[in-house]
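Shown next: coords-v2.txt, given as compact mmCIF, C-alpha atoms.
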# COMPACT_ATOMS: atom_id res chain seq x y z
CA MET A 1 -4.65 -23.66 -1.96
CA ASP A 2 -2.55 -21.10 -3.67
CA ILE A 3 -3.61 -22.36 -7.09
CA VAL A 4 -7.24 -21.73 -6.16
CA LEU A 5 -6.43 -18.21 -5.00
CA LEU A 6 -4.44 -17.51 -8.11
CA ALA A 7 -7.33 -18.69 -10.26
CA PHE A 8 -9.70 -16.29 -8.47
CA LEU A 9 -7.19 -13.52 -8.89
CA ALA A 10 -6.97 -14.17 -12.61
CA ALA A 11 -10.77 -14.11 -12.92
CA THR A 12 -10.93 -10.79 -11.07
CA ALA A 13 -8.23 -9.25 -13.25
CA VAL A 14 -10.02 -10.30 -16.43
CA ALA A 15 -13.23 -8.80 -15.05
CA VAL A 16 -11.48 -5.49 -14.40
CA LEU A 17 -10.32 -5.50 -17.99
CA ARG A 18 -13.75 -6.16 -19.51
CA VAL A 19 -16.25 -4.45 -17.22
CA ARG A 20 -17.29 -0.95 -18.21
CA SER A 21 -18.96 0.32 -15.07
CA LEU A 22 -16.21 2.05 -13.13
CA PHE A 23 -17.88 1.54 -9.76
CA ALA A 24 -17.67 -2.17 -10.40
CA VAL A 25 -14.02 -1.76 -11.38
CA ALA A 26 -13.26 -0.06 -8.07
CA MET A 27 -14.98 -2.83 -6.14
CA LEU A 28 -13.19 -5.47 -8.18
CA SER A 29 -9.83 -3.93 -7.43
CA GLY A 30 -10.74 -4.06 -3.75
CA ILE A 31 -11.55 -7.74 -4.15
CA TYR A 32 -8.27 -8.26 -5.97
CA SER A 33 -6.37 -6.69 -3.07
CA PHE A 34 -8.26 -8.77 -0.56
CA LEU A 35 -7.56 -12.01 -2.43
CA SER A 36 -3.88 -11.16 -2.69
CA ALA A 37 -3.83 -10.43 1.05
CA THR A 38 -5.14 -13.96 1.59
CA PHE A 39 -2.45 -15.24 -0.75
CA PHE A 40 0.22 -13.44 1.27
CA LEU A 41 -1.15 -15.10 4.38
CA VAL A 42 -0.77 -18.51 2.77
CA MET A 43 2.80 -17.53 1.89
CA ASP A 44 3.58 -16.84 5.60
CA ALA A 45 4.04 -13.11 5.04
CA VAL A 46 1.68 -11.92 7.76
CA ASP A 47 2.82 -8.30 7.99
CA VAL A 48 2.46 -7.87 4.27
CA SER A 49 -0.97 -9.48 4.32
CA PHE A 50 -2.11 -7.13 7.06
CA THR A 51 -0.85 -4.06 5.23
CA GLU A 52 -2.21 -5.09 1.84
CA ALA A 53 -5.65 -5.75 3.28
CA ALA A 54 -5.79 -2.41 5.07
CA VAL A 55 -4.29 -0.42 2.22
CA GLY A 56 -5.61 -2.11 -0.87
CA ALA A 57 -9.07 -3.09 0.22
CA GLY A 58 -9.52 -0.05 2.43
CA VAL A 59 -7.83 3.16 1.54
CA SER A 60 -7.28 2.52 -2.16
CA THR A 61 -10.91 1.65 -2.76
CA MET A 62 -12.09 4.68 -0.80
CA LEU A 63 -9.88 6.95 -2.89
CA MET A 64 -11.13 5.46 -6.14
CA LEU A 65 -14.73 5.96 -5.08
CA ALA A 66 -13.99 9.53 -4.07
CA THR A 67 -12.49 10.10 -7.53
CA LEU A 68 -15.37 8.46 -9.34
CA ALA A 69 -17.82 10.72 -7.54
CA GLN A 70 -16.30 13.62 -9.43
CA VAL A 71 -15.26 12.05 -12.66
CA GLY A 72 -18.05 9.89 -14.06
CA HIS A 73 -18.89 6.23 -13.89
CA GLU A 74 -18.88 4.74 -17.36
CA GLU A 75 -15.99 3.88 -19.58
CA ARG A 76 -16.35 4.49 -23.29
CA PRO A 77 -15.23 1.52 -25.41
CA LYS A 78 -12.39 2.20 -27.77
CA PRO A 79 -12.78 1.34 -31.43
CA ARG A 80 -9.02 1.34 -32.02
CA GLY A 81 -7.15 -1.79 -33.01
CA ARG A 82 -5.90 -4.12 -30.34
CA LEU A 83 -2.94 -5.67 -32.10
CA LEU A 84 -0.15 -3.45 -30.86
CA PRO A 85 -0.92 -3.72 -27.12
CA LEU A 86 -1.36 -7.48 -27.44
CA LEU A 87 1.99 -7.71 -29.14
CA VAL A 88 3.74 -5.68 -26.46
CA VAL A 89 2.13 -7.68 -23.69
CA GLY A 90 2.94 -10.96 -25.40
CA ILE A 91 6.60 -10.12 -25.86
CA THR A 92 6.95 -8.92 -22.27
CA GLY A 93 5.21 -11.99 -20.91
CA ALA A 94 7.37 -14.32 -22.96
CA ALA A 95 10.53 -12.58 -21.79
CA LEU A 96 9.45 -12.87 -18.17
CA ILE A 97 8.61 -16.54 -18.49
CA TYR A 98 11.98 -17.16 -20.08
CA GLY A 99 13.49 -15.43 -17.06
CA THR A 100 11.70 -17.65 -14.58
CA LEU A 101 13.13 -20.81 -16.10
CA ASP A 102 16.34 -20.11 -14.23
CA MET A 103 14.60 -19.67 -10.90
CA PRO A 104 14.64 -22.29 -8.16
CA ALA A 105 11.49 -24.31 -7.67
CA PHE A 106 8.69 -22.84 -5.62
CA GLY A 107 9.20 -23.27 -1.86
CA ASP A 108 12.66 -24.74 -2.15
CA PRO A 109 14.52 -24.19 1.13
CA ASP A 110 17.88 -24.35 -0.60
CA ALA A 111 17.24 -21.38 -2.84
CA PRO A 112 20.03 -18.81 -2.83
CA ILE A 113 17.65 -16.20 -1.47
CA HIS A 114 17.69 -17.96 1.87
CA HIS A 115 21.44 -18.17 2.28
CA HIS A 116 23.00 -14.76 2.45
CA VAL A 117 21.61 -12.18 4.83
CA ALA A 118 18.34 -13.80 5.89
CA PRO A 119 19.76 -16.50 8.21
CA ARG A 120 21.83 -13.85 9.98
CA TYR A 121 18.71 -11.76 10.58
CA LEU A 122 16.71 -14.74 11.76
CA GLU A 123 19.38 -15.89 14.18
CA GLN A 124 20.66 -12.64 15.60
CA SER A 125 17.57 -10.49 15.63
CA LEU A 126 16.21 -11.54 19.02
CA GLU A 127 19.51 -11.05 20.81
CA ALA A 128 20.55 -7.87 19.13
CA THR A 129 17.25 -6.03 19.29
CA GLY A 130 14.96 -7.86 21.70
CA VAL A 131 12.12 -7.87 19.19
CA PRO A 132 10.63 -11.23 18.14
CA ASN A 133 9.01 -9.96 14.97
CA VAL A 134 11.88 -10.21 12.50
CA VAL A 135 10.10 -8.15 9.87
CA THR A 136 9.75 -5.21 12.27
CA SER A 137 13.34 -5.46 13.45
CA VAL A 138 14.67 -5.58 9.90
CA LEU A 139 12.39 -2.76 8.80
CA ALA A 140 13.14 -0.45 11.70
CA SER A 141 16.66 -1.34 12.69
CA TYR A 142 18.68 -3.30 10.17
CA ARG A 143 17.21 -1.40 7.23
CA GLY A 144 16.07 1.66 9.15
CA TYR A 145 17.52 4.11 6.66
CA ASP A 146 15.29 2.78 3.88
CA THR A 147 12.24 3.15 6.09
CA LEU A 148 13.14 6.77 6.70
CA GLY A 149 13.19 7.29 2.94
CA GLU A 150 9.85 5.56 2.59
CA THR A 151 8.25 7.77 5.22
CA THR A 152 9.56 10.75 3.29
CA VAL A 153 7.93 9.41 0.14
CA ILE A 154 4.56 9.18 1.88
CA PHE A 155 5.03 12.70 3.19
CA THR A 156 5.79 13.90 -0.34
CA ALA A 157 2.68 12.22 -1.70
CA GLY A 158 0.58 13.98 0.93
CA VAL A 159 2.12 17.30 0.01
CA ALA A 160 1.53 16.63 -3.69
CA VAL A 161 -2.14 15.82 -3.20
CA VAL A 162 -2.70 18.91 -1.06
CA MET A 163 -1.02 21.04 -3.71
CA LEU A 164 -3.20 19.53 -6.42
CA LEU A 165 -6.52 19.46 -4.64
CA GLY A 166 -6.38 21.92 -1.76
CA LEU A 167 -7.33 21.15 1.80
CA LYS A 168 -9.89 23.79 2.67
CA ARG A 169 -12.89 24.53 0.58
CA ARG A 170 -15.06 27.42 1.60
CA ARG A 171 -17.80 28.52 -0.74
CA GLY A 172 -18.18 28.40 -4.49
CA LYS A 173 -16.25 26.39 -7.02
CA GLY A 174 -14.83 29.39 -8.82
CA GLU A 175 -12.12 30.02 -6.27
CA GLU A 176 -8.81 28.45 -7.04
CA ASP A 177 -7.81 27.65 -3.51
CA ASP A 178 -4.59 25.71 -3.84
CA HIS A 179 -3.03 26.77 -0.57
CA ALA A 180 -4.41 25.11 2.50
CA MET B 1 9.35 -31.58 -16.78
CA MET B 2 10.05 -31.07 -13.07
CA GLU B 3 10.58 -27.45 -13.97
CA PHE B 4 6.98 -27.18 -15.02
CA VAL B 5 5.52 -28.11 -11.64
CA GLY B 6 7.98 -25.99 -9.66
CA HIS B 7 7.44 -22.93 -11.79
CA PHE B 8 3.74 -23.11 -12.49
CA ASN B 9 3.02 -20.66 -9.67
CA TYR B 10 5.33 -18.08 -11.18
CA TRP B 11 3.78 -18.41 -14.61
CA ILE B 12 0.28 -17.77 -13.34
CA VAL B 13 1.55 -14.67 -11.57
CA ILE B 14 3.20 -13.48 -14.75
CA PHE B 15 -0.12 -13.97 -16.48
CA LEU B 16 -1.73 -11.73 -13.84
CA MET B 17 0.96 -9.15 -14.41
CA MET B 18 0.31 -9.15 -18.12
CA LEU B 19 -3.42 -8.70 -17.54
CA GLY B 20 -2.72 -5.59 -15.50
CA PHE B 21 -0.20 -4.35 -18.05
CA TYR B 22 -2.67 -4.85 -20.89
CA THR B 23 -5.35 -2.93 -19.00
CA LEU B 24 -2.85 -0.14 -18.54
CA ILE B 25 -1.96 0.28 -22.19
CA ALA B 26 -5.07 -0.83 -24.03
CA ARG B 27 -7.88 1.02 -22.27
CA GLY B 28 -8.54 4.69 -22.81
CA ASN B 29 -10.22 5.64 -19.56
CA LEU B 30 -7.69 7.14 -17.17
CA VAL B 31 -9.21 5.67 -14.02
CA LYS B 32 -9.16 2.21 -15.54
CA LYS B 33 -5.54 2.68 -16.49
CA LEU B 34 -4.73 3.46 -12.88
CA VAL B 35 -6.59 0.36 -11.71
CA GLY B 36 -4.60 -1.68 -14.22
CA LEU B 37 -1.41 -0.20 -12.83
CA ASN B 38 -2.56 -1.15 -9.35
CA ILE B 39 -3.19 -4.74 -10.44
CA PHE B 40 0.20 -4.86 -12.12
CA GLN B 41 1.89 -3.67 -8.92
CA THR B 42 0.06 -6.12 -6.70
CA SER B 43 0.94 -9.00 -9.01
CA VAL B 44 4.61 -8.07 -8.77
CA PHE B 45 4.26 -8.22 -4.99
CA ILE B 46 2.72 -11.68 -5.26
CA LEU B 47 5.64 -12.84 -7.39
CA PHE B 48 8.17 -11.47 -4.95
CA ILE B 49 6.53 -12.86 -1.83
CA SER B 50 6.09 -16.29 -3.36
CA MET B 51 9.84 -16.39 -3.85
CA GLY B 52 10.36 -16.03 -0.11
CA LYS B 53 8.24 -18.94 0.95
CA VAL B 54 9.91 -22.01 2.37
CA GLU B 55 8.12 -25.32 2.19
CA GLY B 56 6.84 -26.14 5.68
CA GLY B 57 7.95 -22.83 7.17
CA THR B 58 6.00 -20.48 9.37
CA ALA B 59 5.73 -16.73 9.67
CA PRO B 60 9.02 -15.08 10.63
CA ILE B 61 8.08 -14.22 14.20
CA LEU B 62 10.63 -15.87 16.43
CA GLU B 63 9.28 -18.13 19.09
CA PRO B 64 11.02 -20.97 20.87
CA GLY B 65 9.99 -24.30 19.43
CA LEU B 66 8.88 -23.18 15.99
CA GLY B 67 10.40 -24.80 12.97
CA PRO B 68 11.99 -23.30 9.86
CA TYR B 69 10.93 -19.74 9.17
CA SER B 70 10.00 -18.28 5.84
CA ASN B 71 12.27 -15.56 4.59
CA PRO B 72 11.50 -12.15 6.15
CA LEU B 73 13.46 -10.13 3.64
CA PRO B 74 10.91 -10.03 0.78
CA SER B 75 8.26 -9.09 3.34
CA VAL B 76 10.20 -6.03 4.38
CA LEU B 77 10.75 -4.83 0.83
CA ILE B 78 7.17 -5.41 -0.22
CA LEU B 79 5.84 -3.62 2.88
CA THR B 80 7.61 -0.50 1.72
CA ALA B 81 6.44 -1.06 -1.84
CA ILE B 82 2.77 -1.38 -0.86
CA VAL B 83 2.67 1.91 0.97
CA VAL B 84 4.59 3.68 -1.76
CA GLY B 85 2.14 2.16 -4.25
CA VAL B 86 -0.87 3.60 -2.51
CA ALA B 87 0.84 6.99 -2.31
CA THR B 88 1.44 6.87 -6.07
CA THR B 89 -2.15 5.84 -6.72
CA ALA B 90 -3.42 8.70 -4.57
CA VAL B 91 -1.36 11.27 -6.46
CA GLY B 92 -2.44 9.73 -9.76
CA LEU B 93 -6.11 9.94 -8.82
CA ALA B 94 -5.66 13.55 -7.73
CA LEU B 95 -4.19 14.29 -11.16
CA VAL B 96 -7.18 12.59 -12.79
CA VAL B 97 -9.56 14.84 -10.85
CA ARG B 98 -7.67 17.92 -11.99
CA ILE B 99 -7.56 16.68 -15.60
CA ARG B 100 -11.28 16.20 -15.51
CA GLU B 101 -11.75 19.76 -14.33
CA ALA B 102 -9.44 21.12 -17.00
CA TYR B 103 -10.54 19.02 -20.01
CA GLY B 104 -14.04 17.96 -19.09
CA SER B 105 -13.37 14.27 -19.68
CA VAL B 106 -11.13 11.43 -18.59
CA GLU B 107 -11.06 9.51 -21.84
CA GLU B 108 -7.65 9.52 -23.48
CA GLU B 109 -9.02 10.30 -26.95
CA ASP B 110 -10.94 13.39 -25.85
CA ILE B 111 -7.87 14.74 -24.15
CA HIS B 112 -5.69 14.17 -27.20
CA LYS B 113 -8.28 15.82 -29.43
CA GLN B 114 -8.40 18.87 -27.25
CA ASP B 115 -4.64 19.11 -27.16
CA GLU B 116 -4.27 18.75 -30.92
CA SER B 117 -6.91 21.30 -31.72
CA PHE B 118 -4.74 24.12 -30.48
CA MET C 1 -26.92 10.09 5.44
CA ARG C 2 -29.42 11.50 7.86
CA GLU C 3 -32.03 8.84 7.21
CA HIS C 4 -29.75 5.85 7.45
CA LEU C 5 -29.92 4.95 11.10
CA VAL C 6 -28.10 1.63 11.00
CA PRO C 7 -24.81 2.93 9.51
CA ARG C 8 -24.86 5.90 11.88
CA VAL C 9 -25.33 3.86 15.03
CA GLY C 10 -23.03 1.11 13.84
CA THR C 11 -20.27 3.55 13.01
CA LYS C 12 -20.60 5.33 16.34
CA ILE C 13 -20.06 2.01 18.08
CA LEU C 14 -17.33 0.72 15.79
CA VAL C 15 -15.05 3.71 15.37
CA PRO C 16 -13.65 3.78 18.93
CA PHE C 17 -12.79 0.09 18.62
CA ILE C 18 -11.08 0.69 15.32
CA LEU C 19 -8.98 3.49 16.77
CA VAL C 20 -8.01 1.47 19.81
CA PHE C 21 -7.16 -1.49 17.58
CA ALA C 22 -4.90 0.79 15.58
CA LEU C 23 -3.06 1.76 18.74
CA TYR C 24 -2.78 -1.90 19.73
CA VAL C 25 -1.29 -2.78 16.36
CA GLN C 26 1.15 0.08 16.65
CA PHE C 27 2.58 -0.91 19.98
CA HIS C 28 2.29 -4.66 19.58
CA GLY C 29 4.15 -4.67 16.30
CA ASP C 30 7.21 -6.07 18.02
CA PHE C 31 5.55 -9.30 19.06
CA GLY C 32 3.07 -10.03 16.34
CA PRO C 33 2.26 -8.73 12.89
CA GLY C 34 1.90 -5.01 12.93
CA GLY C 35 3.97 -1.91 13.24
CA GLY C 36 3.83 1.66 12.10
CA PHE C 37 2.33 1.38 8.61
CA GLN C 38 -0.50 -0.95 9.47
CA ALA C 39 -1.43 1.09 12.54
CA GLY C 40 -1.39 4.34 10.62
CA VAL C 41 -3.61 3.00 7.85
CA ILE C 42 -6.10 1.44 10.27
CA PHE C 43 -6.34 4.64 12.28
CA ALA C 44 -6.93 6.63 9.11
CA ALA C 45 -9.54 4.11 7.96
CA GLY C 46 -11.45 4.62 11.21
CA ILE C 47 -11.49 8.38 10.82
CA ILE C 48 -12.39 8.10 7.13
CA LEU C 49 -15.28 5.80 7.97
CA TYR C 50 -16.59 8.33 10.47
CA THR C 51 -16.23 11.11 7.89
CA MET C 52 -18.01 9.13 5.18
CA VAL C 53 -21.03 8.43 7.38
CA PHE C 54 -21.36 11.76 9.14
CA GLY C 55 -20.14 14.17 6.49
CA LEU C 56 -17.02 16.21 5.86
CA GLY C 57 -17.99 18.96 8.29
CA GLU C 58 -18.17 16.52 11.17
CA GLY C 59 -14.92 14.93 10.08
CA ARG C 60 -13.22 18.31 10.05
CA ARG C 61 -14.56 18.98 13.53
CA VAL C 62 -13.04 15.77 14.85
CA VAL C 63 -9.67 16.18 13.15
CA ALA C 64 -8.80 19.80 12.46
CA PRO C 65 -7.01 20.33 9.14
CA ARG C 66 -4.54 22.55 10.93
CA ALA C 67 -3.64 19.69 13.26
CA LEU C 68 -3.26 17.40 10.26
CA LEU C 69 -0.87 19.76 8.59
CA THR C 70 1.27 19.72 11.72
CA LEU C 71 1.15 15.95 12.16
CA VAL C 72 2.18 15.09 8.62
CA PRO C 73 5.76 16.35 8.85
CA LEU C 74 5.98 15.59 12.56
CA GLY C 75 6.35 11.84 11.99
CA VAL C 76 9.21 12.30 9.55
CA LEU C 77 10.84 14.70 11.98
CA ILE C 78 10.53 12.20 14.83
CA TYR C 79 12.21 9.55 12.71
CA ALA C 80 15.05 11.77 11.58
CA GLY C 81 15.26 13.30 15.04
CA VAL C 82 15.88 9.90 16.59
CA GLY C 83 18.70 9.43 14.10
CA VAL C 84 20.26 12.74 15.01
CA VAL C 85 19.91 12.05 18.74
CA CYS C 86 21.79 8.82 18.21
CA MET C 87 24.57 10.83 16.64
CA LEU C 88 24.58 13.21 19.56
CA PHE C 89 25.02 10.31 21.95
CA GLY C 90 28.10 9.14 20.16
CA GLY C 91 26.86 6.55 17.67
CA GLU C 92 26.24 6.87 13.95
CA PHE C 93 23.05 8.12 12.31
CA LEU C 94 20.19 5.80 13.33
CA ASP C 95 22.48 3.61 15.42
CA TYR C 96 20.01 2.94 18.22
CA SER C 97 22.52 1.16 20.43
CA ALA C 98 23.76 4.51 21.65
CA LEU C 99 20.38 5.51 23.06
CA ALA C 100 20.35 3.68 26.38
CA HIS C 101 22.64 2.08 28.91
CA ASP C 102 23.01 -1.15 26.99
CA PRO C 103 22.65 -1.76 23.24
CA ARG C 104 19.65 -4.04 23.44
CA HIS C 105 17.47 -1.57 25.35
CA GLY C 106 18.68 1.13 23.04
CA GLN C 107 17.47 -0.89 20.06
CA GLU C 108 14.06 -1.48 21.62
CA LEU C 109 13.64 2.19 22.45
CA GLY C 110 14.79 3.27 19.04
CA ILE C 111 12.45 0.89 17.23
CA LEU C 112 9.51 2.02 19.34
CA LEU C 113 10.09 5.70 18.67
CA VAL C 114 10.74 5.22 15.01
CA GLU C 115 7.59 3.16 14.45
CA LEU C 116 5.64 5.84 16.28
CA GLY C 117 6.95 8.44 13.86
CA VAL C 118 6.05 6.29 10.87
CA GLY C 119 2.54 5.61 12.19
CA THR C 120 1.88 9.30 12.80
CA THR C 121 2.89 10.39 9.33
CA VAL C 122 1.07 7.56 7.57
CA ALA C 123 -2.20 8.19 9.45
CA ALA C 124 -2.02 11.95 8.98
CA VAL C 125 -1.23 11.67 5.26
CA MET C 126 -4.05 9.20 4.56
CA ILE C 127 -6.59 11.38 6.36
CA THR C 128 -5.27 14.50 4.63
CA ILE C 129 -5.53 12.89 1.21
CA PHE C 130 -9.10 11.81 1.86
CA PHE C 131 -10.10 15.25 3.11
CA ALA C 132 -8.52 16.82 0.03
CA PHE C 133 -10.49 14.53 -2.30
CA ALA C 134 -13.74 15.00 -0.42
CA GLY C 135 -13.29 18.74 -0.17
CA ARG C 136 -12.82 19.08 -3.92
CA GLY C 137 -16.29 17.87 -4.64
CA GLU C 138 -18.06 20.48 -2.60

Take the structure in this file and express it as structure tokens.
Amino acid sequence: MDIVLLAFLAATAVAVLRVRSLFAVAMLSGIYSFLSATFFLVMDAVDVSFTEAAVGAGVSTMLMLATLAQVGHEERPKPRGRLLPLLVVGITGAALIYGTLDMPAFGDPDAPIHHHVAPRYLEQSLEATGVPNVVTSVLASYRGYDTLGETTVIFTAGVAVVMLLGLKRRRGKGEEDDHA
Amino acid sequence: MMEFVGHFNYWIVIFLMMLGFYTLIARGNLVKKLVGLNIFQTSVFILFISMGKVEGGTAPILEPGLGPYSNPLPSVLILTAIVVGVATTAVGLALVVRIREAYGSVEEEDIHKQDESF
Amino acid sequence: MREHLVPRVGTKILVPFILVFALYVQFHGDFGPGGGFQAGVIFAAGIILYTMVFGLGEGRRVVAPRALLTLVPLGVLIYAGVGVVCMLFGGEFLDYSALAHDPRHGQELGILLVELGVGTTVAAVMITIFFAFAGRGE
């Protein structure tokens, strides 16, 4: 099942690379997010699947469309040579594949990732916090400090966008209204 | 060749990553670059999550009677990463809109030409 | 979108369900998939859908930009505030066990409040970003 999904994902990524109509690219990236959400579901990561579907196929696509409405819909093909990017990508890919040779096999329950902190979370979470969803309890309690930082990052992004684009637009485009 | 079968998943995901990376560096249109970055990010998530899966496990929501659970830790990290990713994409797209207003185009070459002609 | 009757009617029916579903996901995040982020994004998606179909003016009527600007930092403040309250009750920063009479209830209360803060900020930021993008094109 996952091989099928991965094949679809690869096809979508290639399409994003080749297609020139940017509307299609936005839609394709939405499809890519949706397919990866399905993949996460197959991998038993339900929270992540939920979030990726809502964020990637929803909000991200809406933002891209909102941008395209102001920026233009066609990409101009580049006549420049393609050797250097291919070389960079090839070297990086080879290095990564070399790195994965040391990894445990896919789905192996004896992998070191499952032996340090994870069993402790799985066993003690219900008693210590009363919350069956281990992902929520780890996110909000065991690693709550990180989640505070993440919320601050989202807040900062909101502030940045408002500073760049302004929140209130009255009349005329000549006004530089950067303060909300 | 047991390695081959166990690692095939990872290699496909690395291929996806490289597709996104190539889109990022080899295309001139700024919006397409951002989409490539997005694909790159999502592929990294796929790689990470697939490392947390346990054969025959279920989702890590504790219920009496359910068998081995898949690892919740990658889920937590990736959850944070997804939301941070969309925040980054939003700021990037806002920058693209402003660039368009300042330079009149979102193709990398046009922007370089305008910069060099000063 | 004045002429498109089907999206208008469909959206008017769907949006309340979407918003209620977002609230369900927020509070049910302890027992099933869900939690603050998902709820915030779904809530924002509902409002954005309404704005896309009925126009930015209508969207601004439903969610005032002033209210948004208050909600965005409010979530972060709730989160950090819970941490400080824990310190005031004798524990460490973000040590929820100090919040109630026994550690387990303290943890549940702390997680609930904290997820609420996260959901608020995420929803408000997503809506704000969309309004900013849409407002730029006017």

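Candidate residues B:Glu108, B:Leu66, B:Val44, B:Ala59 were compared for distance to chain A, and the nearest is B:Ala59, using all atoms listed in the file.
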
Expected answer as JSON, numbers by chain: chain C residues within 8 Å of chain A, only C-alpha atoms: {"C": [29, 30, 31, 32, 33, 34, 35, 37, 38, 41, 42, 45, 65, 72, 73, 76, 79, 80, 94, 96, 103, 104, 105, 107, 108, 111, 114, 115, 118, 121, 122, 125, 126, 128, 129, 130, 131, 132, 133, 134, 135, 136, 137, 138]}

Distance query segment 28-38 of chain B at most 6 Å, all atoms listed in the file, self and fewer than 5 positions along chain excluded, as a PyMOL selection string: chain B and resi 20+23+106-108

Pairwise distance for atom CA of Gly10 of chain C and atom CA of Ile127 of chain C, rounded to one decimal in Å: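 Between these atoms lies a distance of 20.8 Å.
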
Residue neighbourhood Tyr10 of chain B, 9 Å, all atoms listed in the file, exclusion window fewer than 2 positions, as a ChimeraX atom specification: /A:97,100,106 /B:6-8,12-15,47,50-51

Within 9 Å of chain C: residues of chain B, using all atoms listed in the file, as number ranges by chain: B: 61-62, 79-80, 83, 87, 90-91, 94, 97

Nearest residue to Phe40 of chain A from the set A:Val88, A:His73, A:Met1, A:Ala10 (distances using all atoms listed in the file):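 Looking only at the distances to Phe40 of chain A, the closest residue turns out to be A:Met1.
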
Would you place a box with edges along x, y and z of the file around all atoms of segment 2-21 of chain A listed there, add 6 Å to each of its six sides, and report the centre and edge lengths in Å to one decimal, as lines of an AutoDock Vina configuration file?
center_x = -10.8
center_y = -11.0
center_z = -11.6
size_x = 28.4
size_y = 34.7
size_z = 27.8

Selection: 12 Å around Gly55 of chain C, only C-alpha atoms, excl. self and same-chain fewer than 3 positions, as a PyMOL selection string: chain C and resi 1-2+8+47-52+58-62+131+134-135+138

Who sits within 7 Å of Ala123 of chain C, all atoms listed in the file, same chain under 5 positions skipped, as number ranges by chain: C: 40-41, 43-44

Atom pair atom CA of Gly93 of chain A / atom CA of Met17 of chain B: separation (Å): 8.3 Å

Interatomic distance, atom CA of Leu41 of chain A to atom CA of Glu63 of chain B (Å, one decimal):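 According to the coordinates, atom CA of Leu41 of chain A and atom CA of Glu63 of chain B are separated by 18.3 Å.
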
Shortest interatomic distance to chain A - which of B:Phe48, B:Tyr103, B:His112, B:Arg27, counting only C-alpha atoms: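 Counting only C-alpha atoms, the residue closest to chain A is B:Arg27.
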
Nearest to chain B, chosen from A:Val89, A:Met27, A:Ala95, A:Ala57, with all atoms listed in the file counted in the distances: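 Closest to chain B, using all atoms listed in the file: A:Val89.
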
For chain B, the nearest of the candidates A:Pro85, A:Thr12, A:Glu123, A:His116, counting all atoms listed in the file: A:Pro85

Selection near Leu86 of chain A, 12 Å with only C-alpha atoms, sequence-local residues under 2 positions removed, as an NGL selection string: (:A and (81-84 or 88-94)) or (:B and (18-19 or 21-27))

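Nearest to Ser75 of chain B of all the residues A:Ala118, A:Ser33, A:Pro104, A:Leu87 is A:Ala118, counting all atoms listed in the file.
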
Missing atoms in segment 21-33 of chain C need filling: write out N, CA and C atoms for it as a tab-separated table (two decimals), keeping the file's coordinate frame.
chain	number	residue	atom	x	y	z
C	21	PHE	N	-7.87	-0.39	18.25
C	21	PHE	CA	-7.16	-1.49	17.58
C	21	PHE	C	-5.94	-0.97	16.85
C	22	ALA	N	-6.05	0.23	16.26
C	22	ALA	CA	-4.90	0.79	15.58
C	22	ALA	C	-3.76	1.03	16.56
C	23	LEU	N	-4.09	1.55	17.74
C	23	LEU	CA	-3.06	1.76	18.74
C	23	LEU	C	-2.45	0.44	19.19
C	24	TYR	N	-3.29	-0.58	19.33
C	24	TYR	CA	-2.78	-1.90	19.73
C	24	TYR	C	-1.79	-2.41	18.69
C	25	VAL	N	-2.17	-2.29	17.42
C	25	VAL	CA	-1.29	-2.78	16.36
C	25	VAL	C	0.02	-2.02	16.37
C	26	GLN	N	-0.06	-0.73	16.65
C	26	GLN	CA	1.15	0.08	16.65
C	26	GLN	C	2.13	-0.42	17.70
C	27	PHE	N	1.64	-0.59	18.92
C	27	PHE	CA	2.58	-0.91	19.98
C	27	PHE	C	2.90	-2.38	20.08
C	28	HIS	N	2.06	-3.22	19.48
C	28	HIS	CA	2.29	-4.66	19.58
C	28	HIS	C	3.05	-5.17	18.37
C	29	GLY	N	3.52	-4.25	17.54
C	29	GLY	CA	4.15	-4.67	16.30
C	29	GLY	C	5.44	-5.42	16.52
C	30	ASP	N	5.97	-5.35	17.73
C	30	ASP	CA	7.21	-6.07	18.02
C	30	ASP	C	6.97	-7.54	18.22
C	31	PHE	N	5.76	-7.91	18.65
C	31	PHE	CA	5.55	-9.30	19.06
C	31	PHE	C	4.65	-10.06	18.11
C	32	GLY	N	3.94	-9.37	17.28
C	32	GLY	CA	3.07	-10.03	16.34
C	32	GLY	C	3.08	-9.21	15.07
C	33	PRO	N	2.30	-9.58	14.09
C	33	PRO	CA	2.26	-8.73	12.89
C	33	PRO	C	1.77	-7.35	13.25
